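One file, final.cif, is given below (mmCIF, C-alpha atoms).
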```
data_query
#
loop_
_atom_site.label_atom_id
_atom_site.label_comp_id
_atom_site.auth_asym_id
_atom_site.auth_seq_id
_atom_site.Cartn_x
_atom_site.Cartn_y
_atom_site.Cartn_z
CA MET A 1 152.79 -20.16 -47.56
CA VAL A 2 152.31 -22.56 -50.51
CA ALA A 3 148.56 -22.00 -50.39
CA ARG A 4 149.14 -18.24 -50.38
CA VAL A 5 151.38 -18.40 -53.47
CA ILE A 6 148.85 -20.59 -55.27
CA GLY A 7 146.14 -18.11 -54.31
CA ILE A 8 148.13 -15.19 -55.73
CA LEU A 9 148.82 -17.11 -58.95
CA ALA A 10 145.12 -17.85 -59.30
CA VAL A 11 144.31 -14.15 -58.88
CA CYS A 12 146.96 -13.29 -61.49
CA ALA A 13 145.52 -15.78 -63.95
CA TRP A 14 142.07 -14.33 -63.36
CA CYS A 15 143.37 -10.79 -63.90
CA ALA A 16 145.14 -11.80 -67.10
CA ALA A 17 141.93 -13.41 -68.38
CA LEU A 18 139.98 -10.22 -67.72
CA GLY A 19 142.75 -8.04 -69.09
CA ILE A 20 143.41 -6.25 -65.79
CA GLY A 21 146.97 -5.05 -65.52
CA CYS A 22 148.96 -4.69 -62.35
CA SER A 23 152.19 -2.85 -61.72
CA ALA A 24 153.78 -5.66 -59.65
CA LEU A 25 153.91 -8.10 -62.51
CA ASP A 26 153.87 -5.75 -65.47
CA THR A 27 156.94 -6.38 -67.64
CA SER A 28 155.89 -4.43 -70.73
CA PRO A 29 157.91 -1.25 -71.39
CA LYS A 30 156.35 1.85 -69.87
CA PRO A 31 155.24 4.66 -72.20
CA ALA A 32 157.60 7.61 -72.20
CA THR A 33 155.01 10.08 -70.94
CA GLN A 34 153.59 9.52 -67.49
CA ALA A 35 149.81 9.30 -67.37
CA LEU A 36 148.19 12.37 -65.83
CA PRO A 37 146.03 11.94 -62.72
CA PRO A 38 142.45 11.05 -63.65
CA LEU A 39 140.10 13.95 -64.19
CA PRO A 40 136.62 14.03 -62.69
CA GLY A 41 134.38 11.72 -64.64
CA GLN A 42 137.27 9.69 -66.00
CA ALA A 43 137.72 6.06 -65.01
CA THR A 44 140.30 5.82 -62.23
CA GLY A 45 141.22 2.15 -62.57
CA VAL A 46 141.01 1.81 -58.79
CA LEU A 47 140.23 -1.72 -57.70
CA THR A 48 139.85 -1.27 -53.97
CA THR A 49 139.29 1.73 -51.78
CA ALA A 50 142.38 0.94 -49.72
CA HIS A 51 144.94 0.69 -52.54
CA GLU A 52 145.45 2.73 -55.65
CA SER A 53 146.18 -0.29 -57.82
CA PHE A 54 146.07 -4.06 -57.67
CA GLY A 55 149.86 -4.16 -57.73
CA ALA A 56 149.97 -1.87 -54.70
CA ALA A 57 147.63 -4.25 -52.89
CA VAL A 58 149.88 -7.22 -53.71
CA ASN A 59 152.97 -5.29 -52.60
CA ASP A 60 151.26 -4.38 -49.35
CA PHE A 61 150.23 -8.00 -48.79
CA PHE A 62 153.90 -9.05 -48.93
CA ALA A 63 154.99 -5.92 -47.04
CA ARG A 64 157.13 -4.83 -49.99
CA ARG A 65 158.15 -1.21 -50.42
CA PRO A 66 160.47 0.25 -53.03
CA GLU A 67 163.96 0.53 -51.57
CA PRO A 68 164.98 4.15 -51.06
CA VAL A 69 168.32 4.95 -52.67
CA GLN A 70 170.35 7.50 -50.70
CA PRO A 71 172.63 10.03 -52.41
CA ILE A 72 175.55 8.91 -50.24
CA GLU A 73 175.99 5.87 -48.04
CA PHE A 74 175.63 7.66 -44.76
CA PRO A 75 177.27 5.63 -41.94
CA HIS A 76 174.96 6.03 -38.94
CA ASN A 77 177.18 3.75 -36.82
CA THR A 78 180.28 5.95 -37.23
CA HIS A 79 178.40 9.02 -36.06
CA VAL A 80 176.63 7.33 -33.16
CA SER A 81 179.88 5.72 -31.94
CA GLN A 82 181.40 9.22 -31.82
CA GLY A 83 178.77 10.11 -29.23
CA LEU A 84 176.40 12.05 -31.50
CA THR A 85 172.73 11.53 -30.61
CA CYS A 86 169.96 11.25 -33.20
CA THR A 87 168.18 14.45 -32.25
CA GLU A 88 171.18 16.64 -31.49
CA TYR A 89 171.83 18.14 -34.92
CA CYS A 90 170.56 15.87 -37.67
CA HIS A 91 166.94 15.10 -36.72
CA GLU A 92 166.39 17.99 -34.37
CA SER A 93 162.79 18.87 -35.40
CA VAL A 94 161.72 15.63 -33.75
CA THR A 95 161.09 17.36 -30.41
CA LYS A 96 159.17 20.23 -32.01
CA GLY A 97 156.75 18.84 -34.49
CA PRO A 98 155.43 16.03 -36.59
CA VAL A 99 158.44 15.48 -38.85
CA ALA A 100 161.91 14.48 -37.63
CA GLY A 101 163.58 16.13 -40.61
CA LEU A 102 166.54 15.13 -42.73
CA PRO A 103 169.67 17.26 -42.36
CA SER A 104 170.81 19.61 -45.08
CA VAL A 105 174.42 19.59 -46.24
CA LYS A 106 174.98 22.73 -44.15
CA THR A 107 174.26 20.70 -41.01
CA CYS A 108 176.92 18.20 -42.05
CA MET A 109 179.40 21.02 -42.51
CA ILE A 110 178.95 22.27 -38.91
CA CYS A 111 181.28 19.45 -37.91
CA HIS A 112 182.88 18.43 -41.18
CA GLU A 113 184.37 21.83 -41.85
CA ALA A 114 187.07 20.56 -39.47
CA ILE A 115 186.54 16.82 -38.98
CA ALA A 116 187.67 14.11 -41.43
CA THR A 117 188.25 16.57 -44.26
CA ASP A 118 190.63 14.16 -46.00
CA ARG A 119 187.94 11.56 -46.75
CA PRO A 120 186.62 11.49 -50.33
CA ARG A 121 182.96 11.46 -49.29
CA ILE A 122 183.43 14.50 -47.06
CA GLN A 123 185.18 16.30 -49.91
CA GLN A 124 182.23 15.33 -52.08
CA ILE A 125 179.71 17.00 -49.77
CA THR A 126 181.98 20.01 -49.26
CA ALA A 127 181.97 20.46 -53.03
CA LEU A 128 178.17 20.16 -53.02
CA ARG A 129 177.88 22.83 -50.37
CA ASP A 130 180.28 25.12 -52.26
CA LYS A 131 178.09 24.79 -55.36
CA GLY A 132 175.04 25.66 -53.28
CA LEU A 133 173.53 22.23 -53.84
CA ASP A 134 172.03 19.90 -51.28
CA LEU A 135 171.79 16.19 -50.61
CA ASN A 136 168.65 14.55 -51.89
CA TRP A 137 167.92 12.31 -48.91
CA GLN A 138 165.16 9.78 -49.38
CA ARG A 139 162.68 9.02 -46.62
CA VAL A 140 162.93 5.49 -45.31
CA TYR A 141 160.01 5.42 -42.90
CA GLY A 142 156.56 6.72 -43.63
CA TYR A 143 152.96 5.78 -44.12
CA PRO A 144 151.25 5.34 -47.47
CA ALA A 145 148.70 8.08 -48.21
CA GLN A 146 145.81 5.60 -48.27
CA SER A 147 146.41 4.62 -44.64
CA HIS A 148 145.25 8.11 -43.58
CA VAL A 149 147.74 8.16 -40.71
CA LYS A 150 148.91 11.48 -39.30
CA PHE A 151 151.91 10.79 -37.11
CA ASN A 152 153.46 13.38 -34.84
CA HIS A 153 156.94 12.73 -33.43
CA ALA A 154 156.92 15.37 -30.70
CA PRO A 155 154.42 13.83 -28.24
CA HIS A 156 156.17 10.47 -28.58
CA VAL A 157 159.54 12.00 -27.73
CA ARG A 158 157.96 13.78 -24.75
CA ALA A 159 156.57 10.44 -23.56
CA ASN A 160 160.17 9.16 -23.54
CA VAL A 161 159.66 6.65 -26.31
CA ASP A 162 163.13 5.69 -27.46
CA CYS A 163 163.92 6.21 -31.17
CA ALA A 164 164.90 2.53 -31.36
CA THR A 165 161.41 1.42 -30.32
CA CYS A 166 160.03 2.27 -33.75
CA HIS A 167 163.20 2.61 -35.83
CA GLY A 168 165.21 -0.36 -34.58
CA ASN A 169 168.98 -0.21 -34.19
CA ILE A 170 169.72 2.33 -36.92
CA GLY A 171 172.73 3.59 -34.98
CA GLY A 172 174.30 0.15 -35.29
CA GLY A 173 174.20 0.03 -39.09
CA THR A 174 175.27 2.21 -41.96
CA VAL A 175 172.45 3.33 -44.27
CA ALA A 176 169.04 3.67 -42.59
CA GLN A 177 166.74 0.72 -43.20
CA VAL A 178 163.26 -0.30 -42.18
CA ASN A 179 163.98 -2.53 -39.20
CA VAL A 180 160.55 -2.41 -37.59
CA LYS A 181 157.30 -2.91 -39.45
CA LEU A 182 155.05 -0.13 -38.27
CA SER A 183 151.70 -1.87 -38.42
CA MET A 184 148.64 -0.61 -36.61
CA GLY A 185 148.93 -3.47 -34.13
CA PHE A 186 152.45 -2.33 -33.27
CA CYS A 187 151.22 1.20 -32.51
CA VAL A 188 148.10 0.13 -30.61
CA ASN A 189 149.98 -2.34 -28.39
CA CYS A 190 152.30 0.39 -27.21
CA HIS A 191 149.44 2.88 -26.79
CA ASN A 192 147.57 0.35 -24.64
CA GLU A 193 150.64 -0.37 -22.52
CA LYS A 194 151.28 3.31 -21.88
CA LYS A 195 147.59 4.14 -21.43
CA ALA A 196 147.75 6.49 -24.41
CA PRO A 197 144.50 7.14 -26.31
CA VAL A 198 143.51 4.50 -28.84
CA ASP A 199 140.59 6.39 -30.36
CA CYS A 200 140.60 6.27 -34.17
CA LEU A 201 140.92 10.05 -34.36
CA THR A 202 144.20 9.87 -32.42
CA CYS A 203 145.97 8.94 -35.64
CA HIS A 204 143.49 8.72 -38.51
CA PHE A 205 142.02 11.96 -39.80
CA MET B 206 129.62 25.36 -31.77
CA ALA B 207 127.30 28.32 -31.72
CA VAL B 208 126.23 30.34 -34.75
CA ASP B 209 124.96 33.87 -34.23
CA LEU B 210 122.62 34.43 -37.17
CA ASP B 211 122.47 38.11 -36.28
CA SER B 212 126.10 38.47 -37.28
CA CYS B 213 126.19 36.18 -40.31
CA THR B 214 126.37 38.20 -43.52
CA GLY B 215 126.43 35.19 -45.82
CA CYS B 216 129.80 36.16 -47.25
CA GLY B 217 130.91 32.56 -47.74
CA ALA B 218 134.38 32.97 -46.23
CA CYS B 219 133.73 29.90 -44.08
CA VAL B 220 133.01 27.80 -47.16
CA THR B 221 136.23 28.91 -48.86
CA ALA B 222 138.30 28.43 -45.72
CA CYS B 223 136.84 24.97 -45.20
CA HIS B 224 137.70 23.91 -48.74
CA ALA B 225 141.27 25.14 -48.34
CA GLU B 226 141.81 23.67 -44.89
CA ASN B 227 140.32 20.25 -45.50
CA ASN B 228 141.55 19.52 -49.04
CA ILE B 229 138.02 19.25 -50.36
CA SER B 230 138.24 18.54 -54.05
CA THR B 231 135.95 20.04 -56.63
CA VAL B 232 134.19 17.80 -59.13
CA GLY B 233 133.43 20.16 -61.98
CA ALA B 234 130.20 21.84 -63.07
CA GLU B 235 128.74 18.79 -64.79
CA GLN B 236 129.05 16.52 -61.75
CA ALA B 237 127.99 19.27 -59.37
CA ALA B 238 124.78 19.64 -61.38
CA ILE B 239 123.87 16.03 -60.60
CA GLY B 240 124.49 16.54 -56.89
CA ARG B 241 128.02 15.30 -56.46
CA ALA B 242 129.54 18.55 -55.23
CA LYS B 243 131.13 18.51 -51.78
CA HIS B 244 130.84 21.36 -49.31
CA TRP B 245 131.44 20.43 -45.70
CA ILE B 246 129.86 23.76 -44.80
CA ARG B 247 127.29 25.61 -46.90
CA VAL B 248 125.49 28.91 -46.51
CA GLU B 249 121.75 28.43 -46.93
CA ARG B 250 119.76 31.37 -48.27
CA TYR B 251 116.17 32.14 -47.35
CA TRP B 252 114.17 34.84 -49.10
CA GLU B 253 111.23 36.21 -47.17
CA GLY B 254 108.44 38.53 -48.32
CA ASP B 255 107.44 39.77 -51.75
CA PHE B 256 109.26 42.29 -53.93
CA PRO B 257 110.08 45.06 -53.15
CA ASP B 258 109.73 44.20 -49.48
CA VAL B 259 112.06 41.20 -49.44
CA ARG B 260 114.39 40.09 -46.71
CA LEU B 261 117.31 37.73 -47.08
CA LYS B 262 118.41 35.42 -44.31
CA PHE B 263 121.49 33.25 -44.15
CA ARG B 264 122.27 30.11 -42.23
CA PRO B 265 125.63 28.35 -42.38
CA VAL B 266 125.10 24.59 -42.09
CA MET B 267 127.84 22.09 -41.34
CA CYS B 268 127.81 18.65 -39.70
CA GLN B 269 125.79 19.16 -36.53
CA GLN B 270 127.84 16.56 -34.60
CA CYS B 271 124.61 15.14 -33.15
CA ASP B 272 124.65 13.39 -29.78
CA ALA B 273 122.11 10.90 -31.11
CA ALA B 274 123.47 10.86 -34.63
CA PRO B 275 121.31 8.98 -37.15
CA CYS B 276 124.39 8.28 -39.27
CA GLU B 277 126.11 6.18 -36.62
CA PRO B 278 123.84 3.17 -36.03
CA VAL B 279 123.41 2.58 -39.78
CA CYS B 280 127.13 2.24 -40.51
CA PRO B 281 128.00 -1.46 -40.93
CA THR B 282 131.73 -0.90 -40.37
CA TYR B 283 131.68 1.62 -37.49
CA ALA B 284 133.38 4.12 -39.77
CA SER B 285 130.94 6.67 -38.44
CA HIS B 286 131.11 6.62 -34.66
CA HIS B 287 131.08 8.80 -31.59
CA THR B 288 134.24 9.77 -29.75
CA GLU B 289 134.44 10.29 -26.01
CA GLU B 290 134.67 14.03 -26.58
CA GLY B 291 131.37 14.01 -28.42
CA LEU B 292 132.69 14.39 -31.93
CA ASN B 293 130.96 12.44 -34.64
CA ALA B 294 134.01 10.87 -36.23
CA GLN B 295 134.40 9.49 -39.73
CA VAL B 296 137.18 6.94 -40.19
CA TYR B 297 138.09 6.76 -43.87
CA ASN B 298 140.02 3.52 -43.46
CA ARG B 299 136.92 1.71 -42.29
CA CYS B 300 134.50 3.24 -44.75
CA ILE B 301 133.42 0.90 -47.51
CA GLY B 302 131.10 3.41 -49.15
CA THR B 303 127.65 1.99 -48.47
CA ARG B 304 126.35 5.58 -48.21
CA TYR B 305 123.77 4.54 -45.59
CA CYS B 306 124.99 7.39 -43.38
CA ALA B 307 124.31 10.01 -46.04
CA ASN B 308 120.80 8.58 -46.43
CA ALA B 309 120.24 8.71 -42.70
CA CYS B 310 121.57 12.23 -42.18
CA PRO B 311 118.67 14.69 -41.94
CA TYR B 312 120.95 17.67 -42.55
CA ASN B 313 122.51 16.56 -45.85
CA VAL B 314 126.03 17.23 -44.65
CA ARG B 315 127.69 13.96 -45.63
CA PHE B 316 129.36 13.66 -49.01
CA PHE B 317 130.46 10.71 -51.04
CA ASP B 318 133.69 10.71 -53.02
CA PHE B 319 132.68 9.67 -56.50
CA PHE B 320 136.20 10.33 -57.79
CA ASN B 321 139.76 10.35 -56.63
CA PRO B 322 140.68 13.88 -55.63
CA SER B 323 142.39 15.93 -58.30
CA TRP B 324 143.25 19.56 -58.73
CA ASP B 325 144.28 21.65 -61.69
CA LYS B 326 147.96 22.51 -61.53
CA PRO B 327 149.38 24.32 -59.59
CA LEU B 328 146.55 23.94 -57.05
CA HIS B 329 147.82 20.48 -56.15
CA LEU B 330 150.72 22.21 -54.41
CA GLN B 331 148.51 24.06 -51.92
CA LEU B 332 147.10 21.05 -50.12
CA ASN B 333 147.06 20.95 -46.34
CA PRO B 334 149.52 18.27 -45.18
CA ASP B 335 147.65 17.85 -41.86
CA VAL B 336 144.56 16.46 -43.57
CA SER B 337 144.49 13.23 -45.53
CA LEU B 338 143.14 13.01 -49.05
CA ARG B 339 140.01 10.91 -49.29
CA GLU B 340 140.08 8.47 -52.17
CA VAL B 341 137.20 7.34 -54.33
CA GLY B 342 134.50 5.36 -52.52
CA VAL B 343 134.49 6.84 -49.03
CA MET B 344 132.19 9.25 -47.24
CA GLU B 345 133.49 12.52 -45.87
CA LYS B 346 132.05 15.31 -43.78
CA CYS B 347 132.87 18.19 -41.48
CA THR B 348 135.19 17.05 -38.67
CA PHE B 349 135.10 20.30 -36.69
CA CYS B 350 138.71 20.53 -37.98
CA VAL B 351 139.87 17.64 -35.80
CA GLN B 352 143.45 18.23 -36.96
CA ARG B 353 143.36 21.67 -35.34
CA ILE B 354 141.82 20.27 -32.16
CA LYS B 355 144.60 17.69 -32.06
CA SER B 356 147.41 20.14 -32.68
CA ALA B 357 146.10 22.64 -30.09
CA LYS B 358 145.90 19.87 -27.52
CA THR B 359 149.41 18.63 -28.34
CA GLN B 360 150.70 22.18 -28.04
CA ALA B 361 148.99 22.68 -24.66
CA GLN B 362 150.38 19.36 -23.49
CA ALA B 363 153.89 20.37 -24.58
CA GLU B 364 153.61 23.59 -22.62
CA ASP B 365 152.10 21.68 -19.67
CA ARG B 366 148.92 23.74 -19.38
CA GLU B 367 145.19 23.47 -19.82
CA LEU B 368 143.53 24.40 -23.10
CA LYS B 369 142.20 27.93 -23.10
CA ASP B 370 138.68 28.71 -24.24
CA GLY B 371 138.74 29.89 -27.83
CA GLU B 372 142.21 28.48 -28.47
CA ILE B 373 140.87 25.89 -30.89
CA GLN B 374 139.53 27.53 -34.00
CA PRO B 375 138.19 25.49 -36.90
CA ALA B 376 138.88 27.05 -40.28
CA CYS B 377 135.32 28.41 -40.61
CA VAL B 378 135.46 30.06 -37.19
CA GLN B 379 138.85 31.58 -37.83
CA SER B 380 137.84 33.03 -41.18
CA CYS B 381 134.42 34.42 -40.17
CA PRO B 382 134.77 38.22 -40.47
CA PRO B 383 131.89 39.17 -38.09
CA LYS B 384 132.73 36.30 -35.70
CA ALA B 385 129.31 34.73 -36.12
CA LEU B 386 130.71 31.26 -35.51
CA VAL B 387 131.98 30.39 -32.03
CA PHE B 388 133.70 27.12 -31.21
CA GLY B 389 134.50 25.71 -27.79
CA ASP B 390 133.92 23.08 -25.14
CA LEU B 391 130.23 22.62 -24.31
CA ASN B 392 131.14 20.58 -21.22
CA ASP B 393 132.74 23.66 -19.71
CA PRO B 394 129.86 25.84 -18.43
CA GLU B 395 132.07 28.93 -18.44
CA SER B 396 133.14 28.76 -22.09
CA GLN B 397 131.83 31.33 -24.52
CA VAL B 398 130.07 28.69 -26.59
CA SER B 399 128.27 27.34 -23.51
CA ARG B 400 127.09 30.80 -22.57
CA LEU B 401 125.82 31.46 -26.08
CA SER B 402 124.11 28.06 -26.24
CA ARG B 403 122.16 28.84 -23.08
CA SER B 404 120.76 31.98 -24.72
CA THR B 405 116.99 32.18 -25.12
CA ARG B 406 117.58 32.95 -28.79
CA GLY B 407 119.16 29.54 -29.26
CA SER B 408 117.70 26.61 -31.15
CA THR B 409 119.02 23.61 -33.00
CA LEU B 410 118.14 22.38 -36.48
CA LEU B 411 115.17 19.98 -36.74
CA GLU B 412 114.87 19.82 -32.96
CA ASP B 413 111.74 17.68 -33.01
CA ILE B 414 113.46 14.65 -34.58
CA GLY B 415 115.60 14.22 -31.49
CA THR B 416 119.10 14.09 -32.93
CA ARG B 417 120.38 16.48 -30.25
CA PRO B 418 122.75 18.47 -32.49
CA LYS B 419 125.76 20.18 -30.97
CA VAL B 420 125.47 23.29 -33.13
CA ASN B 421 123.30 25.99 -31.65
CA TYR B 422 121.77 28.67 -33.87
CA LEU B 423 120.99 32.03 -32.24
CA ALA B 424 117.94 33.54 -33.92
CA ARG B 425 118.00 36.92 -35.65
CA GLN B 426 116.80 39.87 -33.66
CA THR B 427 117.51 42.67 -36.08
CA GLN B 428 115.69 43.02 -39.39
CA LEU B 429 117.61 43.92 -42.48
#
```
Translate the structure described by the file into structure tokens.
Amino acid sequence: MVARVIGILAVCAWCAALGIGCSALDTSPKPATQALPPLPGQATGVLTTAHESFGAAVNDFFARRPEPVQPIEFPHNTHVSQGLTCTEYCHESVTKGPVAGLPSVKTCMICHEAIATDRPRIQQITALRDKGLDLNWQRVYGYPAQSHVKFNHAPHVRANVDCATCHGNIGGGTVAQVNVKLSMGFCVNCHNEKKAPVDCLTCHF
Amino acid sequence: MAVDLDSCTGCGACVTACHAENNISTVGAEQAAIGRAKHWIRVERYWEGDFPDVRLKFRPVMCQQCDAAPCEPVCPTYASHHTEEGLNAQVYNRCIGTRYCANACPYNVRFFDFFNPSWDKPLHLQLNPDVSLREVGVMEKCTFCVQRIKSAKTQAQAEDRELKDGEIQPACVQSCPPKALVFGDLNDPESQVSRLSRSTRGSTLLEDIGTRPKVNYLARQTQL
């Protein structure tokens, strides 16, 4: 670990000497206008083919991802302890296609029209629904674009892979968090165990 | 795949469909002029005869998915490799951009990403979510729309049935107005593509170099 930190510091010193910036350690104030994506012929500032910036590479090395901030602190444990399953209402696309889906406020109101209407948070979402607005849920799990992974939930659900295998015990906590690091080794181990294909084109295309 | 050159009118619908389906970025006129344009499928034009007695012939050319692909042994990272189904796969994660494969390919159907993909707004909103965006420094080429092959298989599996012949349609096949392009399983002797490939009109590109391409071209019989 110490050697790793020293290594990173050495790389940082080298970058600073060459004038290469990186988003992980950049403390200077950001310009008000966001830079547009590079046009053809323009320098991209890409350091490696696998990461869009040096900072992204460093973040990936330490398995750091920006924390998603949810619009409300959704208590998964309360709902699961009431006997609601993950795929029943809230993530029901999971059996049909690639994306599990995040429920709209209308889905909440199927039950909460009648249940726990005295709680402030429920009144909050009722007000949202009445205004025709929706909850801006943030995805917690996902693959970075440069990993070229195309994941499909449906075949995994059909193969009776439990949600908890990849998502950990989300039903035991409140706000969803990344409990399992979905590395390629994690996927391939399970594919090997279950005799599922491990060809590159199974996931990467 | 089989291509019936009798039916091909050279309309270019396959090229457009391929660009839309596979998120193939454009590089601008200046870069295209120095050979950096990317077209996973192109329509080649051949003029025959002298004016006024000229004839025009077309030939759509995409990755030939060779059985003995020259691009595969030259790749130092196995980014270009053969799958069990016989597809010539390109794994972007492994590719380090040596471009040996493009040098080795006799059909000029491999393309290098000289730039990160970008589109003029609002075209960036029309990208296909089933296909990944290739970043600067990797090679890309026709995949026979592997995402469609995958999704058709998953669908068949979900419905607990075998894949039907003609169920999988790459974007070029689907968009071809005269149905000149036919896609299917060459291992199944009864499939339409197998029957067409056995035709006496059939030939493959640059047969004598021994790459054993999996795209069969059916020669023209009619004269325009």
With all atoms listed in the file as the counted atoms, please give the residues lying no more than 10 Å from segment 336-338 of chain B, apart from itself and same-chain residues fewer than 3 positions off, as a PDB file with C-alpha atoms, in the frame of the given file.
```pdb
ATOM      1  CA  ALA A 145     148.700   8.080 -48.210  1.00  0.00           C
ATOM      2  CA  GLN A 146     145.810   5.600 -48.270  1.00  0.00           C
ATOM      3  CA  SER A 147     146.410   4.620 -44.640  1.00  0.00           C
ATOM      4  CA  HIS A 148     145.250   8.110 -43.580  1.00  0.00           C
ATOM      5  CA  VAL A 149     147.740   8.160 -40.710  1.00  0.00           C
ATOM      6  CA  LYS A 150     148.910  11.480 -39.300  1.00  0.00           C
ATOM      7  CA  HIS A 204     143.490   8.720 -38.510  1.00  0.00           C
ATOM      8  CA  PHE A 205     142.020  11.960 -39.800  1.00  0.00           C
TER       9      PHE A 205
ATOM     10  CA  GLU B 226     141.810  23.670 -44.890  1.00  0.00           C
ATOM     11  CA  ASN B 227     140.320  20.250 -45.500  1.00  0.00           C
ATOM     12  CA  ASN B 228     141.550  19.520 -49.040  1.00  0.00           C
ATOM     13  CA  ILE B 229     138.020  19.250 -50.360  1.00  0.00           C
ATOM     14  CA  SER B 230     138.240  18.540 -54.050  1.00  0.00           C
ATOM     15  CA  TYR B 297     138.090   6.760 -43.870  1.00  0.00           C
ATOM     16  CA  ASN B 321     139.760  10.350 -56.630  1.00  0.00           C
ATOM     17  CA  PRO B 322     140.680  13.880 -55.630  1.00  0.00           C
ATOM     18  CA  SER B 323     142.390  15.930 -58.300  1.00  0.00           C
ATOM     19  CA  LEU B 332     147.100  21.050 -50.120  1.00  0.00           C
ATOM     20  CA  ASN B 333     147.060  20.950 -46.340  1.00  0.00           C
ATOM     21  CA  VAL B 341     137.200   7.340 -54.330  1.00  0.00           C
ATOM     22  CA  CYS B 350     138.710  20.530 -37.980  1.00  0.00           C
ATOM     23  CA  VAL B 351     139.870  17.640 -35.800  1.00  0.00           C
ATOM     24  CA  GLN B 352     143.450  18.230 -36.960  1.00  0.00           C
ATOM     25  CA  ARG B 353     143.360  21.670 -35.340  1.00  0.00           C
TER      26      ARG B 353
END
```
Checklist entry - Could you work out how far atom CA of Cys306 of chain B lies from atom CA of Pro281 of chain B, giving the answer in Å with one decimal? => result 9.7 Å
Checklist entry - So what does the PyMOL selection byres ((chain A and resi 74) around 10) actually pick up in this one, as a PyMOL selection string? => result chain A and resi 70-73+75-79+121+137+173-176
Checklist entry - Where does the PyMOL selection byres ((chain B and resi 420) around 8) land in this file, that is, which residues does it pick, as a PyMOL selection string? => result chain B and resi 206-208+269-270+409+418-419+421-422
Checklist entry - Between atom CA of Gly168 of chain A and atom CA of Glu92 of chain A, what is the spacing in Å? => result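 Atom-to-atom, atom CA of Glu92 of chain A to atom CA of Gly168 of chain A, that is 18.4 Å.
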Item to check | Output check: residues returned by the PyMOL selection byres ((chain A and resi 179) around 7), as a list in words | outcome: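 Matching residues under the PyMOL selection byres ((chain A and resi 179) around 7) are His167, Gly168, Gln177, Val178, Val180 and Lys181 of chain A.
Interatomic distance, atom CA of Gln123 of chain A to atom CA of Ser81 of chain A: 21.5 Å.
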Next on the checklist: Please list, as a list of chain:residue names, the residues that have an atom at most 8 Å away from (124.0, 38.4, -35.6) in the coordinates of this file, counting all atoms listed in the file.
Outcome noted: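 Counting all atoms listed in the file, I find these residues within 8 Å of (124.0, 38.4, -35.6): B:Asp209, B:Leu210, B:Asp211, B:Ser212, B:Cys213, B:Ala385, B:Leu423, B:Ala424, B:Arg425, B:Gln426, B:Thr427.
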Output as JSON the centre and edge lengths (Å, one decimal) of the box along x, y and z of the file that holds every listed atom of segment 414-429 of chain B after adding 4 Å on each side.
```
{"center_x": 119.6, "center_y": 29.0, "center_z": -36.4, "size_x": 20.3, "size_y": 37.8, "size_z": 20.2}
```
